[in-house]
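In what follows, a structure is listed as structure tokens, so that the remarks can point back to it.
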Amino acid sequence: MNAPATTQKLGADDIFATTHWTVVLKAGQGSAPEAHAALEELCRTYWYPLYAYVRRQTSSHEDAQDLTQAFFARFLEKNYLEHLSSDKGRFRAFLLASLKHFLANEWDKSRRLKRGGGVANLPLDWQGADTRYVHEPADQLSPDKLYDRAWAVTLLENVITRLRQEAVDEGKTQLFDELKAFLMADKARVPYGEAAGKVGMNESAVRVAVHRLRKRYRELLRREIQQTLSNPAQVEEELQALFAAFAQ
Amino acid sequence: MNNPEPDPNVEKKCPQCGAALPPGALEGLCPACLLKQGASAETATQGETMAFEPPKLEELAKLFPQLEILELIGKGGMGAVYKARQPALDRMVALKILPPQVAAAPGFSERFGREARALAKLNHPNIVGIYDFGQVGGLAYFLMEYVDGLNLRQVQRAGKLAPSEALKIVPQICEALQFAHDEGIVHRDIKPENILLDKKGRVKIADFGIAKIMGREAQYSLTETRSAIGTPQYMAPEQIEKPQTVDHRADIFSLGVVFYEMLTGELPLGKFGPPSSTARSLRVDVRLDDVVLRALEKEPERRYQQASQVKTAVETISSTPGSSSSAPADAEAYRASIAAQDYLLKISDCLSRGWALVRSDFWPIIGINALTLVLLWAVGAFPLSFGGKGLPGSSILSTLLYGPLMGGLYYSYLKRIRGEKVNVETAFLGFGPRFVQLLLGSLVSFCLIAVGFLCLILPGIYLLVCWAYAIPLIIDKGIDFWPAMSISRQMVRKHWWKNGLLLLVLGVMHFVGFLLFGVGIFFLAPIATAALMYAYQDMFGSAVAPAATGPSGTQVFPSEKPGSLLKPAFIGVAALVFLLLLVSMFAGVRHQHARREQSQRAAASAAHKATVAHARAVAERVQAEAEVSASTFGPVQERVLSGGINFKTGKSIPLPEPPASQDQDIDRAIISSLRKAELLGIDAYTVADEARLFAAGGTTFVPVTSAGWDGVTAEEVSTIVTNLHAGDEPVVVLEPTDQPQLAAFQTRDGSSGLLELAPTNREPGLRVRYKLVATQLKASVSGRQMHDALDDRLQAARLMTLTNQRDKAFVAIATDAAKAGDVEIATSALHEISNGATRENSAEQAVTLLARKGLRRDALNLAQEISNQTTRNRVLEELAKAKSQ
């Protein structure tokens, strides 16, 4: 009868009834493969903030690497889920709490994890992480705040990457590059005319494009955050918390 | 601003918020600002997108060098339309530009291409054709057929739309829709603005499938402008609520809305009434209500499923006259025109034509007719006589419904006669508007005819014939009931007798049909009705009464409605009803039959019972008389035993020592009563007799508790004994106790008596004494009396019908006769016994008794007659033995 509608490239982005984190929480003690996969996915995404935190505490890169790796190995065994009584509503907070717990109780600073011992390690870019860390401006931030900021940046990076990918798929890479700056700016201050000239489009077209981009950005951002929440309705809170990390 | 070199020495700060920028990350964007932006609510950016500025002509000219852009002719959420000229082909075209936000949507290009190609395939006179499409300069465009005219909205506003015109427009829309649906394309945005009418009155539908191209986002986003989505008032409910489930039926809904608006000038919002009822629509045919309302059903399943169905419905309505909206037909004018005419009424001709008509479309006609008849019958008036009109006196309801029902039926026949297509759905269509008139007509005429019948019948018949055509006139010509009746009478009077004869014939047909188990009526009634309608047609013609206006009809192509399930279902139901009637009729007959039989049998058995009772009474009386003579006891026999006896088994309770006395013999005899005793030849009571008397198994005892030895009379003993039934064993174990025990007993040969056991002083000791009821006394009754009594009993027994009882009675008679020595009666009785075995036994017994009585010769003779050899031998042997004793 009717021609089937185009399957949206981002069809998979329909809000899942369950986010990664809820999948994990639901699985609990049971070893459902989806739960494990979800947890791994989360860890793989947000490992850098952890590393940054750890790096802050330790002096050497190797130590930080060891520690982080050991922690993840331990964490992925999923015993943490039942041991900690902390609020499991947000993955971000939970991860940090778990790490602290780990550092306090289980990690003997004198010991080092045998390289290549037993546990499958997450394939993480340690070197790149270190570089990045090193280049971050030194500051007086508390480790917690550092962690949060790193988290926010990681999050945003993911979102932007996605947006870019979408634009590339649409064949609108150049447009995206031109317009992405407008993601931040206030409406009033966007130089539409200028941009129009650059992309060779009608000004109103540019307006519309910017509007769409922003909308899409917001959607993706929220989605991304929701993956780390047990209750998707808490997005706003989380956003505020993250934003607060940048307050001076 | 791409990929800045990480320079640890330079702290980058965000120009907006001043926060430090993490180097190398986020492509130089400031996370704080991003977050802020992310956290901000979706503010109304309508101001930006609302102003869809249609590109200026100069801009377009640059983009479309091959066209001469002339002017902007339309603007809306769906884009802007320009009139242009294509010099190459020297034709006028329409250029439609889609809004940029649409073009910018993800996945748009793909969709656009695909949809446009599909649309280009829609080549139909009622659809605006697509010439070209594409994207240029960020703008998506269509190049389309240019329609020189107005859209429906403009026409409506100008007030230039009459209902009849609406009825011409809608079928064209349906055709366009059906064509597109067949190609798998749904319009989704049918509204007056999209329906164009060119100067020639042709309908052209524009913007097919545009809604789909705009994509889901355009439709569902509620923050976008309203015009970006389909205009909600025309959208089907499922388009708003469940957009994924939308199919072609949404278009039918939108069509319904448009139709409604065309007819009434209003939108069907909230609680709305049918088109014919809204104030403005004085000229709306009430039959259109159903069509419009069905198209406007909220559930897609309940709507028309195909646009072509709507088209057929509308065209059917516009082609058939008889709309109630018109001014009532001018009856007088009609009367004048018709009164002058004369006609020829040929009864046989009408009948043969009627038969031909029925045969031509046999089962549907039978079905419709059957249904009407059943309905009438169900409300209590089975038409019994002339021409389908029932005699007055049926229930009120039937009288009320008769007119409308028959009116509809007549009308369907008329349509067939006139060659118009009749199907189930439209069979009864016509009668709706004339309902009241039909009702009144039938009611009034019934009442007056009833009055006529009351007054010596003849006026009733007269009126009946005169008004035979009133109902068809009401429904066919649209005349009111009173003038219809009068016109009918006028015309009939010209040839009253002929009409009367016709109605008589038709009535006879109905009656005959009814007689044939009601089956025939389903076949004869249609023929009769058809014949009547032919007569009507001949008399009144098919000319429409003047001043009856209906919408000017378009050409009617009686198309086969696809998959109409009603017709076979209808026939099925009619057949079922028919069968049920048949079955019930047969069942009723059978029931009657069964009941009659039952009552007969009851009577017979009652009679039988009476006879039996009588016979028994006689027999009993006789018996009683025979025994009423006082009976006494014979001499008392007394013995003393030193032990107890079990009279049932005959076993003794051991004696310590047998006393040496003459009594010993008796003791021994009694004790040894295990042996079967010889029972023949009892002349006197001897010891031997006693032994025989108490032979085991032969004697039954019944304990007697009342009175004492002297208190119990012989009669009582007899009574007790006679009440013994065969098979009962009220046997007593008589054992020595402290108290004397009394028992009445009966021996095998019929002697009865009273027995007493009492303890003695002698230890152990038991005194036995007994006395027999003297049967001699019966012998004291004169032989003659006895014979008569027995004879009466014989007569009585012969009266009995039930064999068992008869046989029993005869056995008893034979026995008694033998006892009494009455050979004659005994023999007769024996002969009457039907059961062979019983007869043998009874004969044996009789022989025995006779022998005992001493009538050996007779006994012998009787014995000779026993047919069973074994029995005979035995009996003879015994006889011989007795003799030898």
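Please note that chains go A, B, ... in the order of the structure tokens, that every chain numbers its residues from 1, and that ligands are numbered from 1 in the order shown.
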
| query | Which residues in range 34-255 of chain B does DSSP call strand (DSSP E or B)? List them as a ChimeraX atom specification. | reply | /B:68-76,79-86,91-97,127,130-136,139-145,149-151,195-198,203-205

| request: Quick one: everything within 7 Å of Tyr51 in chain A, counting only C-alpha atoms, minus sequence neighbours fewer than 4 positions away in the same chain. Send it as an MDAnalysis selection string. | output: chainID A and resid 47 55 64 68

Quick one: write out the picked residues with N, CA and C atoms as a PDB file, in the first residue's frame?
```pdb
ATOM      1  N   TRP A  47      35.188   6.342  31.211  1.00  0.00           N
ATOM      2  CA  TRP A  47      36.351   5.958  32.019  1.00  0.00           C
ATOM      3  C   TRP A  47      37.290   7.130  32.255  1.00  0.00           C
ATOM      4  N   ARG A  55      44.258  10.029  38.713  1.00  0.00           N
ATOM      5  CA  ARG A  55      45.536  10.647  38.385  1.00  0.00           C
ATOM      6  C   ARG A  55      45.853  11.785  39.342  1.00  0.00           C
ATOM      7  N   ALA A  64      48.392   5.330  38.207  1.00  0.00           N
ATOM      8  CA  ALA A  64      46.999   5.660  37.872  1.00  0.00           C
ATOM      9  C   ALA A  64      46.400   4.599  36.964  1.00  0.00           C
ATOM     10  N   THR A  68      43.304   2.300  37.963  1.00  0.00           N
ATOM     11  CA  THR A  68      42.041   2.382  37.211  1.00  0.00           C
ATOM     12  C   THR A  68      41.650   1.031  36.643  1.00  0.00           C
TER      13      THR A  68
END
```

| query | What's the 12 Å shell around Glu59 in chain B, counting only C-alpha atoms, without same-chain residues fewer than 5 positions away, as number ranges by chain? | reply | A: 201-202; B: 53-54, 64-65, 69, 136-137, 139

Any idea what's packed within 10 Å of Leu175 in chain A, counting only C-alpha atoms, ignoring anything in its chain fewer than 2 positions away? Could you give it as an mmCIF file with C-alpha atoms, in the first residue's frame?
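New file out.cif:
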```
data_model
loop_
_atom_site.group_PDB
_atom_site.id
_atom_site.type_symbol
_atom_site.label_atom_id
_atom_site.label_comp_id
_atom_site.auth_asym_id
_atom_site.auth_seq_id
_atom_site.Cartn_x
_atom_site.Cartn_y
_atom_site.Cartn_z
ATOM 1 C CA ALA A 167 25.551 15.846 9.540
ATOM 2 C CA VAL A 168 28.054 13.794 7.661
ATOM 3 C CA GLY A 171 26.010 15.331 3.483
ATOM 4 C CA LYS A 172 25.938 18.548 5.370
ATOM 5 C CA THR A 173 29.335 18.510 6.960
ATOM 6 C CA ASP A 177 30.985 23.025 10.942
ATOM 7 C CA GLU A 178 29.802 26.487 10.231
ATOM 8 C CA LEU A 179 26.846 26.311 12.458
ATOM 9 C CA LYS A 180 28.126 24.411 15.379
ATOM 10 C CA ALA A 195 26.619 32.512 7.996
ATOM 11 C CA ALA A 196 24.156 32.567 5.179
ATOM 12 C CA LYS A 198 29.250 31.452 3.966
ATOM 13 C CA VAL A 199 27.092 28.474 3.271
ATOM 14 C CA GLY A 200 25.336 29.940 0.302
ATOM 15 C CA MET A 201 21.908 29.668 1.768
ATOM 16 C CA VAL A 206 20.007 29.315 8.001
ATOM 17 C CA ALA A 209 18.934 25.043 10.167
ATOM 18 C CA VAL A 210 20.339 26.466 13.349
#
```

| field | Test item: residues at most 12 Å from Arg218 in chain A, only C-alpha atoms, excluding those fewer than 2 positions along its chain, as a PyMOL selection string | value | (chain A and resi 156+159-160+162-163+183-184+211-216+220-225+235-236+239) or (chain B and resi 34-43)
